[in-house]
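Colleague: As input, take entry.txt (compact mmCIF, C-alpha atoms):
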# COMPACT_ATOMS: atom_id res chain seq x y z
CA MET J 224 -45.04 61.34 7.44
CA HIS J 225 -48.36 62.39 8.91
CA SER J 226 -49.41 59.18 10.54
CA PHE J 227 -50.88 59.01 14.04
CA GLY J 228 -47.63 57.63 15.42
CA TYR J 229 -45.54 60.50 14.14
CA ARG J 230 -47.91 63.12 15.49
CA ALA J 231 -48.17 61.45 18.88
CA ASN J 232 -44.39 61.21 19.01
CA ALA J 233 -43.93 64.86 18.08
CA LEU J 234 -46.47 65.95 20.66
CA LEU J 235 -44.89 63.83 23.39
CA THR J 236 -41.39 65.06 22.60
CA PHE J 237 -42.57 68.66 22.61
CA ALA J 238 -44.43 68.22 25.92
CA VAL J 239 -41.44 66.60 27.61
CA THR J 240 -39.09 69.31 26.30
CA ILE J 241 -41.35 72.08 27.63
CA LEU J 242 -41.67 70.31 30.99
CA ALA J 243 -37.90 69.91 31.27
CA LEU J 244 -37.40 73.58 30.39
CA MET J 245 -39.91 74.68 32.99
CA CYS J 246 -38.23 72.51 35.65
CA ALA J 247 -34.85 74.00 34.74
CA MET J 248 -36.25 77.54 34.90
CA ALA J 249 -37.88 76.89 38.27
CA SER J 250 -34.55 75.63 39.60
CA ILE J 251 -32.63 78.58 38.14
CA SER J 252 -35.11 81.06 39.62
CA ASP J 253 -34.00 79.92 43.09
CA ASN J 254 -30.75 81.79 42.51
CA LEU J 255 -32.64 85.09 42.53
CA ASN J 256 -33.55 84.63 46.18
CA HIS J 257 -31.06 86.10 48.66
CA PRO J 258 -32.14 84.80 52.05
CA THR J 259 -31.30 86.48 55.35
CA PRO J 260 -32.00 83.87 58.04
CA THR J 261 -31.26 84.47 61.70
CA SER J 262 -30.76 82.09 64.59
CA GLN J 263 -29.97 82.03 68.29
CA VAL J 264 -29.12 79.13 70.57
CA GLN J 265 -28.76 79.10 74.34
CA VAL J 266 -27.40 76.16 76.29
CA LEU J 267 -29.63 76.19 79.36
CA ASN J 268 -28.31 73.21 81.27
CA ILE J 269 -25.78 70.38 81.16
CA ASN J 270 -28.03 67.50 82.24
CA TRP J 271 -25.18 65.08 82.72
CA PHE J 272 -21.60 64.70 81.58
CA GLN J 273 -19.69 61.47 81.93
CA LYS J 274 -17.10 59.09 80.56
CA GLN J 275 -18.50 55.91 79.10
CA PRO J 276 -16.90 52.57 80.10
CA ASN J 277 -15.23 52.44 76.65
CA GLY J 278 -13.50 55.76 77.30
CA ASN J 279 -15.62 58.11 75.20
CA ASP J 280 -17.04 61.27 76.74
CA GLU J 281 -20.77 61.77 76.51
CA VAL J 282 -22.76 64.84 77.41
CA SER J 283 -26.46 65.62 77.53
CA MET J 284 -27.66 69.20 77.45
CA THR J 285 -30.84 71.25 77.24
CA MET J 286 -31.04 74.05 74.72
CA ASN J 287 -33.24 76.85 73.54
CA ILE J 288 -33.16 77.10 69.75
CA SER J 289 -34.83 79.97 67.97
CA ALA J 290 -34.55 80.76 64.27
CA ASP J 291 -36.26 82.66 61.51
CA LEU J 292 -35.82 80.85 58.21
CA GLN J 293 -38.80 82.32 56.39
CA SER J 294 -36.65 84.05 53.79
CA LEU J 295 -35.39 80.65 52.54
CA PHE J 296 -38.76 79.75 51.09
CA THR J 297 -39.44 80.37 47.41
CA TRP J 298 -42.09 79.00 45.09
CA ASN J 299 -39.83 76.07 44.24
CA THR J 300 -39.24 75.04 47.86
CA LYS J 301 -40.69 71.74 48.98
CA GLN J 302 -39.23 71.77 52.46
CA VAL J 303 -36.28 72.96 54.50
CA PHE J 304 -34.31 70.49 56.55
CA VAL J 305 -32.68 72.23 59.48
CA PHE J 306 -30.29 70.84 62.06
CA LEU J 307 -28.07 72.05 64.86
CA ALA J 308 -24.61 70.53 65.05
CA ALA J 309 -21.91 70.81 67.68
CA GLU J 310 -18.56 71.33 65.94
CA TYR J 311 -15.12 71.18 67.52
CA GLY J 312 -11.59 69.97 66.94
CA THR J 313 -9.56 67.55 69.02
CA PRO J 314 -5.91 66.46 68.82
CA LYS J 315 -7.01 63.25 67.04
CA ASN J 316 -9.74 64.70 64.83
CA SER J 317 -9.41 67.97 62.97
CA LEU J 318 -13.18 68.22 62.79
CA ASN J 319 -16.02 66.63 64.71
CA GLN J 320 -19.59 67.39 63.68
CA ILE J 321 -22.34 65.98 65.83
CA SER J 322 -25.94 66.65 65.02
CA LEU J 323 -27.83 67.44 68.23
CA TRP J 324 -31.26 68.30 66.92
CA ASP J 325 -32.95 68.37 63.53
CA GLY J 326 -36.32 69.14 62.06
CA ILE J 327 -38.23 69.42 58.81
CA ILE J 328 -39.96 72.70 58.04
CA PRO J 329 -42.75 72.04 55.55
CA THR J 330 -44.03 75.58 54.96
CA LYS J 331 -43.04 79.20 55.33
CA GLU J 332 -45.53 79.61 58.18
CA HIS J 333 -43.55 77.16 60.29
CA ALA J 334 -40.18 78.68 59.44
CA LYS J 335 -40.06 81.05 62.41
CA PHE J 336 -39.78 78.78 65.41
CA TRP J 337 -38.65 78.50 68.99
CA ILE J 338 -37.93 75.17 70.61
CA HIS J 339 -36.84 74.03 74.03
CA THR J 340 -35.17 70.64 73.74
CA SER J 341 -32.48 68.34 75.01
CA ASN J 342 -30.18 66.80 72.40
CA LYS J 343 -32.08 64.39 70.15
CA TYR J 344 -28.95 62.47 69.11
CA ARG J 345 -26.24 61.43 71.54
CA PHE J 346 -23.35 63.83 71.91
CA ILE J 347 -20.45 61.38 72.13
CA ASP J 348 -16.82 62.24 71.44
CA GLN J 349 -14.33 59.85 69.86
CA GLY J 350 -12.12 59.73 72.91
CA SER J 351 -12.09 61.77 76.09
CA ASN J 352 -11.61 65.39 75.06
CA LEU J 353 -14.80 67.10 76.09
CA ARG J 354 -13.89 68.47 79.54
CA GLY J 355 -13.58 72.24 79.28
CA LYS J 356 -13.96 71.96 75.52
CA GLU J 357 -14.89 75.04 73.58
CA PHE J 358 -17.26 74.28 70.71
CA ASN J 359 -19.37 75.93 68.04
CA LEU J 360 -23.04 75.37 67.57
CA THR J 361 -23.87 75.60 63.88
CA LEU J 362 -27.35 75.81 62.47
CA HIS J 363 -27.31 74.17 59.04
CA TRP J 364 -30.15 74.12 56.58
CA HIS J 365 -30.73 72.21 53.37
CA VAL J 366 -33.36 73.58 51.06
CA MET J 367 -35.06 70.79 49.14
CA PRO J 368 -36.65 72.09 45.95
CA LYS J 369 -39.77 70.82 44.24
CA THR J 370 -37.37 70.17 41.40
CA GLY J 371 -33.75 70.96 40.60
CA LYS J 372 -30.71 71.91 42.61
CA MET J 373 -30.53 71.62 46.39
CA PHE J 374 -29.17 74.51 48.42
CA ALA J 375 -27.39 74.45 51.76
CA ASP J 376 -25.92 77.03 54.09
CA LYS J 377 -25.29 77.59 57.79
CA ILE J 378 -24.92 80.04 60.65
CA VAL J 379 -21.99 79.42 62.98
CA MET J 380 -22.46 80.43 66.61
CA SER J 381 -19.29 80.22 68.65
CA GLY J 382 -18.24 80.66 72.24
CA TYR J 383 -19.88 77.67 73.93
CA ARG J 384 -17.91 75.73 76.51
CA LEU J 385 -18.42 72.44 78.31
CA PRO J 386 -17.77 72.18 82.07
CA GLN J 387 -14.34 71.24 83.43
CA GLU J 388 -15.64 68.33 85.49
CA TYR J 389 -17.92 65.36 84.87
CA ARG J 390 -21.27 65.62 86.54
CA MET U 17 -56.84 46.47 10.95
CA ASP U 18 -55.38 48.48 8.09
CA TRP U 19 -52.49 49.35 10.32
CA ILE U 20 -51.57 45.69 10.88
CA GLY U 21 -51.84 45.00 7.17
CA GLU U 22 -49.55 47.90 6.38
CA THR U 23 -47.08 46.74 8.99
CA VAL U 24 -47.00 43.24 7.55
CA ASP U 25 -46.57 44.68 4.05
CA SER U 26 -43.73 46.89 5.11
CA ILE U 27 -41.98 43.98 6.79
CA LYS U 28 -42.39 41.94 3.58
CA SER U 29 -41.01 44.74 1.46
CA LEU U 30 -37.81 45.07 3.50
CA GLN U 31 -34.63 45.40 1.50
CA ILE U 32 -31.27 44.29 2.80
CA ARG U 33 -29.89 47.83 2.41
CA GLN U 34 -32.81 49.25 4.36
CA VAL U 35 -32.41 46.69 7.12
CA LEU U 36 -28.76 47.64 7.44
CA THR U 37 -29.62 51.35 7.71
CA GLN U 38 -32.16 50.60 10.39
CA ALA U 39 -29.66 48.48 12.31
CA VAL U 40 -27.07 51.24 12.14
CA SER U 41 -29.50 53.92 13.31
CA LEU U 42 -30.64 51.68 16.16
CA GLY U 43 -27.00 51.14 17.07
CA MET U 44 -26.47 54.90 17.03
CA ILE U 45 -29.28 55.41 19.51
CA VAL U 46 -27.95 52.77 21.87
CA THR U 47 -24.33 53.96 21.68
CA SER U 48 -25.23 57.63 22.12
CA ALA U 49 -27.19 56.74 25.26
CA LEU U 50 -24.13 54.84 26.47
CA ILE U 51 -21.85 57.77 25.61
CA ILE U 52 -24.05 60.19 27.56
CA TRP U 53 -24.06 57.86 30.58
CA LYS U 54 -20.26 57.40 30.51
CA ALA U 55 -19.72 61.14 30.02
CA LEU U 56 -21.92 61.81 33.05
CA MET U 57 -19.79 59.34 35.01
CA CYS U 58 -16.67 61.31 34.09
CA VAL U 59 -18.19 64.71 34.86
CA THR U 60 -19.73 63.77 38.19
CA GLY U 61 -16.99 61.40 39.32
CA SER U 62 -19.61 59.00 40.59
CA GLU U 63 -19.98 55.45 39.37
CA SER U 64 -23.73 55.92 39.04
CA PRO U 65 -24.53 59.59 38.36
CA VAL U 66 -28.28 59.12 38.64
CA VAL U 67 -30.11 56.99 41.21
CA VAL U 68 -33.76 56.25 41.77
CA VAL U 69 -35.12 56.49 45.31
CA LEU U 70 -36.56 53.09 46.21
CA SER U 71 -37.69 53.52 49.79
CA GLY U 72 -39.62 56.05 51.81
CA SER U 73 -36.94 56.56 54.44
CA MET U 74 -36.20 60.13 53.31
CA GLU U 75 -39.82 61.28 53.08
CA PRO U 76 -41.16 63.87 52.78
CA GLY U 77 -38.04 65.15 51.00
CA PHE U 78 -37.55 62.26 48.64
CA LYS U 79 -40.35 59.92 47.75
CA ARG U 80 -40.20 56.54 46.08
CA GLY U 81 -39.71 57.06 42.35
CA ASP U 82 -37.84 60.36 42.58
CA ILE U 83 -34.54 60.75 40.77
CA LEU U 84 -31.37 62.06 42.40
CA PHE U 85 -28.33 63.42 40.61
CA LEU U 86 -25.10 62.47 42.31
CA HIS U 87 -21.76 64.17 42.43
CA MET U 88 -18.55 62.78 43.88
CA SER U 89 -15.95 65.49 44.35
CA LYS U 90 -12.74 65.51 46.38
CA GLU U 91 -14.38 67.85 48.88
CA PRO U 92 -14.70 66.39 52.35
CA ILE U 93 -17.99 64.96 53.53
CA ARG U 94 -19.86 67.14 55.99
CA ALA U 95 -22.86 66.71 58.25
CA GLY U 96 -26.22 67.36 56.62
CA GLU U 97 -25.23 66.15 53.17
CA ILE U 98 -27.34 63.47 51.59
CA VAL U 99 -25.05 60.65 50.54
CA VAL U 100 -25.53 57.43 48.66
CA PHE U 101 -23.61 54.57 50.21
CA ASN U 102 -23.04 50.87 49.81
CA VAL U 103 -22.86 48.64 52.85
CA ASP U 104 -20.86 45.41 52.61
CA GLY U 105 -23.26 42.52 52.17
CA ARG U 106 -26.07 44.67 50.79
CA GLU U 107 -26.69 44.93 47.09
CA ILE U 108 -28.85 48.03 46.92
CA PRO U 109 -27.26 51.40 47.73
CA ILE U 110 -28.94 53.55 50.37
CA VAL U 111 -29.68 57.29 50.20
CA HIS U 112 -29.52 58.89 53.65
CA ARG U 113 -28.36 62.02 55.44
CA VAL U 114 -25.08 62.39 57.32
CA ILE U 115 -25.64 63.31 60.97
CA LYS U 116 -22.18 62.82 62.47
CA VAL U 117 -18.70 63.35 61.07
CA HIS U 118 -15.32 62.71 62.67
CA GLU U 119 -12.39 63.67 60.46
CA ARG U 120 -8.86 62.55 61.38
CA GLU U 121 -6.22 65.19 61.88
CA ASP U 122 -3.35 63.21 60.32
CA THR U 123 -4.83 61.14 57.49
CA GLY U 124 -7.98 63.08 56.69
CA GLU U 125 -10.03 59.90 56.86
CA VAL U 126 -13.61 60.30 57.95
CA ASP U 127 -15.98 58.37 60.17
CA VAL U 128 -19.55 59.11 59.15
CA LEU U 129 -22.89 58.20 60.67
CA THR U 130 -26.07 58.46 58.59
CA LYS U 131 -29.80 58.49 59.23
CA GLY U 132 -32.92 58.60 57.09
CA ASP U 133 -34.99 61.73 57.72
CA ASN U 134 -38.11 59.62 58.12
CA ASN U 135 -36.48 56.90 60.25
CA TYR U 136 -36.60 57.03 64.01
CA GLY U 137 -33.07 55.88 64.73
CA ASP U 138 -29.70 56.13 63.02
CA ASP U 139 -28.40 53.65 60.45
CA ARG U 140 -26.20 51.45 62.64
CA LEU U 141 -28.82 48.71 62.32
CA LEU U 142 -28.47 48.83 58.54
CA TYR U 143 -24.70 48.68 58.52
CA ALA U 144 -22.77 45.41 58.46
CA HIS U 145 -22.73 43.55 61.76
CA GLY U 146 -20.57 45.40 64.26
CA GLN U 147 -19.92 48.33 61.93
CA LEU U 148 -20.23 51.67 63.72
CA TRP U 149 -19.13 54.13 61.04
CA LEU U 150 -19.09 54.54 57.29
CA GLN U 151 -15.77 55.38 55.67
CA ARG U 152 -15.08 57.28 52.49
CA HIS U 153 -14.93 54.13 50.34
CA HIS U 154 -18.51 53.18 51.23
CA ILE U 155 -19.83 56.42 49.79
CA MET U 156 -20.73 56.51 46.10
CA GLY U 157 -21.69 60.15 45.88
CA ARG U 158 -23.67 62.97 47.35
CA ALA U 159 -27.03 64.11 46.07
CA VAL U 160 -26.94 67.55 44.46
CA GLY U 161 -30.14 67.70 42.43
CA PHE U 162 -33.56 66.25 42.36
CA LEU U 163 -36.29 65.45 39.84
CA PRO U 164 -39.63 64.08 41.01
CA TYR U 165 -41.57 61.05 39.66
CA VAL U 166 -39.33 60.25 36.67
CA GLY U 167 -37.88 57.21 38.41
CA TRP U 168 -41.23 55.44 38.39
CA VAL U 169 -40.44 54.33 34.84
CA THR U 170 -37.52 52.22 36.03
CA ILE U 171 -39.34 51.01 39.14
CA ILE U 172 -42.25 49.76 37.04
CA MET U 173 -39.89 48.16 34.54
CA THR U 174 -37.92 46.27 37.17
CA GLU U 175 -40.99 45.14 39.06
CA LYS U 176 -43.13 44.30 36.03
CA PRO U 177 -40.68 42.97 33.42
CA ILE U 178 -43.54 42.17 31.03
CA ILE U 179 -44.10 45.91 30.49
CA LYS U 180 -40.42 46.30 29.67
CA TYR U 181 -40.60 43.61 26.98
CA ILE U 182 -43.79 45.05 25.51
CA LEU U 183 -42.19 48.49 25.36
CA ILE U 184 -38.95 47.22 23.79
CA GLY U 185 -40.97 45.17 21.29
CA ALA U 186 -43.15 48.11 20.32
CA LEU U 187 -40.15 50.41 19.90
CA GLY U 188 -38.32 47.78 17.86
CA LEU U 189 -41.32 47.34 15.58
CA LEU U 190 -41.58 51.09 15.17
CA VAL U 191 -37.94 51.35 14.15
CA ILE U 192 -38.23 48.47 11.69
CA THR U 193 -41.41 49.71 10.05
CA SER U 194 -40.57 53.40 9.92
CA LYS U 195 -39.64 54.60 6.46
CA ASP U 196 -38.12 58.06 6.36
Can the structure from this file be put into structure tokens for me?
Modeller:
Amino acid sequence: MHSFGYRANALLTFAVTILALMCAMASISDNLNHPTPTSQVQVLNINWFQKQPNGNDEVSMTMNISADLQSLFTWNTKQVFVFLAAEYGTPKNSLNQISLWDGIIPTKEHAKFWIHTSNKYRFIDQGSNLRGKEFNLTLHWHVMPKTGKMFADKIVMSGYRLPQEYR
Amino acid sequence: MDWIGETVDSIKSLQIRQVLTQAVSLGMIVTSALIIWKALMCVTGSESPVVVVLSGSMEPGFKRGDILFLHMSKEPIRAGEIVVFNVDGREIPIVHRVIKVHEREDTGEVDVLTKGDNNYGDDRLLYAHGQLWLQRHHIMGRAVGFLPYVGWVTIIMTEKPIIKYILIGALGLLVITSKD
């Protein structure tokens, strides 16, 4: 009963149990954080706006994105993945989500940022519905923990509109 | 050397009744592991509730050897979610993030485009030839939870099978020789 093997086994089991408990507690403690992030996006310019030969509308724009996501960071946060998506409905699709820009925030110090950028991924519609289209810009974030459950939320900013004519 | 002698002695002194008990308890361990796995499949709705990250394409979020817990609910797929998908003609499922979603008005079907956080371009190069979008049936689940490093055990075992056999052998010997 008191051989080396038994003791090693008991010790290992105990250590793993404690480790698992601590991981679970770290993950649960994330629920105590009530973040209050803020964000603002301005569309500065429509660089170009055209219909592709295959009939899909494509637009390129320049934006100012500013956000303060510092309150998302807790001691169990490894990084925050943040992205800005254009969201709109068309007669064919009830929802279109197109990521325009994304970034990884590694630390709390970098979580308050301001960026001037054109869209990193192509803004292409499925079809030709973008002229005069009203759309939302939504800032989404996914909090990746050091261990445990992942969190996600968003801020919807509405009232953006594309031009009536191609340019 | 005593230890080996004792082991040999205990193997010699095996009784048929004892052997049967050992076999049953070993069977219990194996079946309970299977039961837990199948129960997880039912609860999460995903055909593989736990996956190990094999590539660095989602770094620095997920590293090689991390474990992801998957969930497959009826809820629609949305941009930003990390999904695990199978591409026709590829054996190993891929864990990447959704960057574009187009959901049909009438049928509710989705067209999804994915990208690895650490990759420069989107995943169209990884998809089957000529495939532009992923559909619902390609997606095995979405990642909901995360546990670092634990997956190294399986990576080491698949890449160095000898270690697996040594481990199984040692465990087997332990079960046979244990007398409680």
Colleague: Using only C-alpha atoms, which protein or nucleic acid residues come within 7 Å of stretch 303-309 of chain J? Drop anything in the same chain fewer than 3 positions from it, and give the result as a list in words.
Modeller: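 Listed by chain and then number, they are Gln320, Ile321, Ser322, Leu323, Trp324, Asp325, Gly326, Ile327, Ile328, Pro329, Phe358, Asn359, Leu360, Thr361, Leu362, His363, Trp364, His365, Val366 and Met367 of chain J.
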Colleague: Tell me as a PyMOL selection string which residues belonging to chain U come within 10 Å of chain J, counting only C-alpha atoms.
Modeller: chain U and resi 76-78+82-85+94-98+114-129+133-134+137-138+159-164+190+194-196
Colleague: Suppose you want the space between atom CA of J:Glu281 and atom CA of J:Gly355; what is it in Å?
Modeller: 13.0 Å
Colleague: Between J:Asn254, J:Thr340, J:Thr259, J:Asn268, which is the closest to J:Ser289 once you count only C-alpha atoms?
Modeller: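 Under the stated criterion, the closest residue is J:Thr340.
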Colleague: Any idea what's packed within 12 Å of U:Gln31, counting all atoms listed in the file, ignoring anything in its chain fewer than 5 positions away? Could you give it as a PyMOL selection string?
Modeller: chain U and resi 26+36-38+192-193+195
Colleague: List as a list in words the protein and nucleic acid residues near stretch 51-57 of chain U, meaning an atom at most 12 Å away when all atoms listed in the file are counted, but skip any in the same chain fewer than 2 places from it.
Modeller: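 Residues meeting the cut-off are Gly43, Met44, Ile45, Val46, Thr47, Ser48, Ala49, Val59, Thr60, Gly61, Ser62, Glu63, Ser64, Pro65, Val66, Phe85, Leu86, His87, Met88, Ser89, Met156 and Gly157 of chain U.
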Colleague: Which is closest to J:Leu292 among J:Arg384, J:Lys331, J:Lys377, J:Arg390, if we use all atoms listed in the file?
Modeller: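 Nearest candidate to J:Leu292 out of J:Arg384, J:Lys331, J:Lys377, J:Arg390: J:Lys331.
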Colleague: As an exercise, work out the distance from atom CA of J:Asn277 to atom CA of U:Asp104 in Å and give it to one decimal place.
Modeller: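 Those two atoms sit 25.7 Å apart.
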Colleague: Between atom CA of J:Thr285 and atom CA of J:Ser381, measure the distance and give it in Å to one decimal.
Modeller: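 Atom-to-atom, atom CA of J:Thr285 and atom CA of J:Ser381 are spaced 17.0 Å apart.
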Colleague: Please produce stretch 161-187 of chain U, completed to N, CA and C atoms, as a JSON list (two decimals), in the coordinates of the input.
Modeller:
[["chain", "number", "residue", "atom", "x", "y", "z"],
["U", 161, "GLY", "N", -28.95, 67.22, 43.11],
["U", 161, "GLY", "CA", -30.14, 67.70, 42.43],
["U", 161, "GLY", "C", -31.23, 66.65, 42.47],
["U", 162, "PHE", "N", -32.39, 67.04, 42.06],
["U", 162, "PHE", "CA", -33.56, 66.25, 42.36],
["U", 162, "PHE", "C", -34.62, 66.45, 41.28],
["U", 163, "LEU", "N", -35.23, 65.38, 40.85],
["U", 163, "LEU", "CA", -36.29, 65.45, 39.84],
["U", 163, "LEU", "C", -37.39, 64.48, 40.26],
["U", 164, "PRO", "N", -38.60, 64.97, 40.49],
["U", 164, "PRO", "CA", -39.63, 64.08, 41.01],
["U", 164, "PRO", "C", -40.23, 63.13, 39.96],
["U", 165, "TYR", "N", -40.72, 62.01, 40.41],
["U", 165, "TYR", "CA", -41.57, 61.05, 39.66],
["U", 165, "TYR", "C", -40.90, 60.28, 38.53],
["U", 166, "VAL", "N", -39.87, 60.86, 37.89],
["U", 166, "VAL", "CA", -39.33, 60.25, 36.67],
["U", 166, "VAL", "C", -38.87, 58.82, 36.90],
["U", 167, "GLY", "N", -38.41, 58.53, 38.12],
["U", 167, "GLY", "CA", -37.88, 57.21, 38.41],
["U", 167, "GLY", "C", -38.91, 56.10, 38.41],
["U", 168, "TRP", "N", -40.19, 56.47, 38.42],
["U", 168, "TRP", "CA", -41.23, 55.44, 38.39],
["U", 168, "TRP", "C", -41.10, 54.55, 37.17],
["U", 169, "VAL", "N", -40.62, 55.12, 36.06],
["U", 169, "VAL", "CA", -40.44, 54.33, 34.84],
["U", 169, "VAL", "C", -39.57, 53.11, 35.12],
["U", 170, "THR", "N", -38.42, 53.35, 35.78],
["U", 170, "THR", "CA", -37.52, 52.22, 36.03],
["U", 170, "THR", "C", -38.08, 51.29, 37.10],
["U", 171, "ILE", "N", -38.76, 51.88, 38.11],
["U", 171, "ILE", "CA", -39.34, 51.01, 39.14],
["U", 171, "ILE", "C", -40.36, 50.06, 38.53],
["U", 172, "ILE", "N", -41.23, 50.60, 37.69],
["U", 172, "ILE", "CA", -42.25, 49.76, 37.04],
["U", 172, "ILE", "C", -41.59, 48.71, 36.17],
["U", 173, "MET", "N", -40.53, 49.12, 35.45],
["U", 173, "MET", "CA", -39.89, 48.16, 34.54],
["U", 173, "MET", "C", -39.19, 47.04, 35.29],
["U", 174, "THR", "N", -38.59, 47.35, 36.45],
["U", 174, "THR", "CA", -37.92, 46.27, 37.17],
["U", 174, "THR", "C", -38.91, 45.37, 37.89],
["U", 175, "GLU", "N", -40.04, 45.96, 38.31],
["U", 175, "GLU", "CA", -40.99, 45.14, 39.06],
["U", 175, "GLU", "C", -41.98, 44.41, 38.17],
["U", 176, "LYS", "N", -42.25, 44.95, 36.99],
["U", 176, "LYS", "CA", -43.13, 44.30, 36.03],
["U", 176, "LYS", "C", -42.40, 44.15, 34.70],
["U", 177, "PRO", "N", -41.54, 43.10, 34.61],
["U", 177, "PRO", "CA", -40.68, 42.97, 33.42],
["U", 177, "PRO", "C", -41.50, 42.87, 32.13],
["U", 178, "ILE", "N", -42.73, 42.35, 32.23],
["U", 178, "ILE", "CA", -43.54, 42.17, 31.03],
["U", 178, "ILE", "C", -43.73, 43.50, 30.30],
["U", 179, "ILE", "N", -43.91, 44.58, 31.07],
["U", 179, "ILE", "CA", -44.10, 45.91, 30.49],
["U", 179, "ILE", "C", -42.85, 46.34, 29.73],
["U", 180, "LYS", "N", -41.69, 45.98, 30.32],
["U", 180, "LYS", "CA", -40.42, 46.30, 29.67],
["U", 180, "LYS", "C", -40.35, 45.63, 28.29],
["U", 181, "TYR", "N", -40.70, 44.33, 28.25],
["U", 181, "TYR", "CA", -40.60, 43.61, 26.98],
["U", 181, "TYR", "C", -41.58, 44.16, 25.96],
["U", 182, "ILE", "N", -42.80, 44.48, 26.43],
["U", 182, "ILE", "CA", -43.79, 45.05, 25.51],
["U", 182, "ILE", "C", -43.27, 46.37, 24.92],
["U", 183, "LEU", "N", -42.69, 47.19, 25.79],
["U", 183, "LEU", "CA", -42.19, 48.49, 25.36],
["U", 183, "LEU", "C", -41.05, 48.34, 24.36],
["U", 184, "ILE", "N", -40.09, 47.43, 24.69],
["U", 184, "ILE", "CA", -38.95, 47.22, 23.79],
["U", 184, "ILE", "C", -39.45, 46.68, 22.45],
["U", 185, "GLY", "N", -40.41, 45.74, 22.52],
["U", 185, "GLY", "CA", -40.97, 45.17, 21.29],
["U", 185, "GLY", "C", -41.62, 46.23, 20.43],
["U", 186, "ALA", "N", -42.44, 47.07, 21.06],
["U", 186, "ALA", "CA", -43.15, 48.11, 20.32],
["U", 186, "ALA", "C", -42.17, 49.08, 19.67],
["U", 187, "LEU", "N", -41.15, 49.48, 20.44],
["U", 187, "LEU", "CA", -40.15, 50.41, 19.90],
["U", 187, "LEU", "C", -39.40, 49.78, 18.73]]
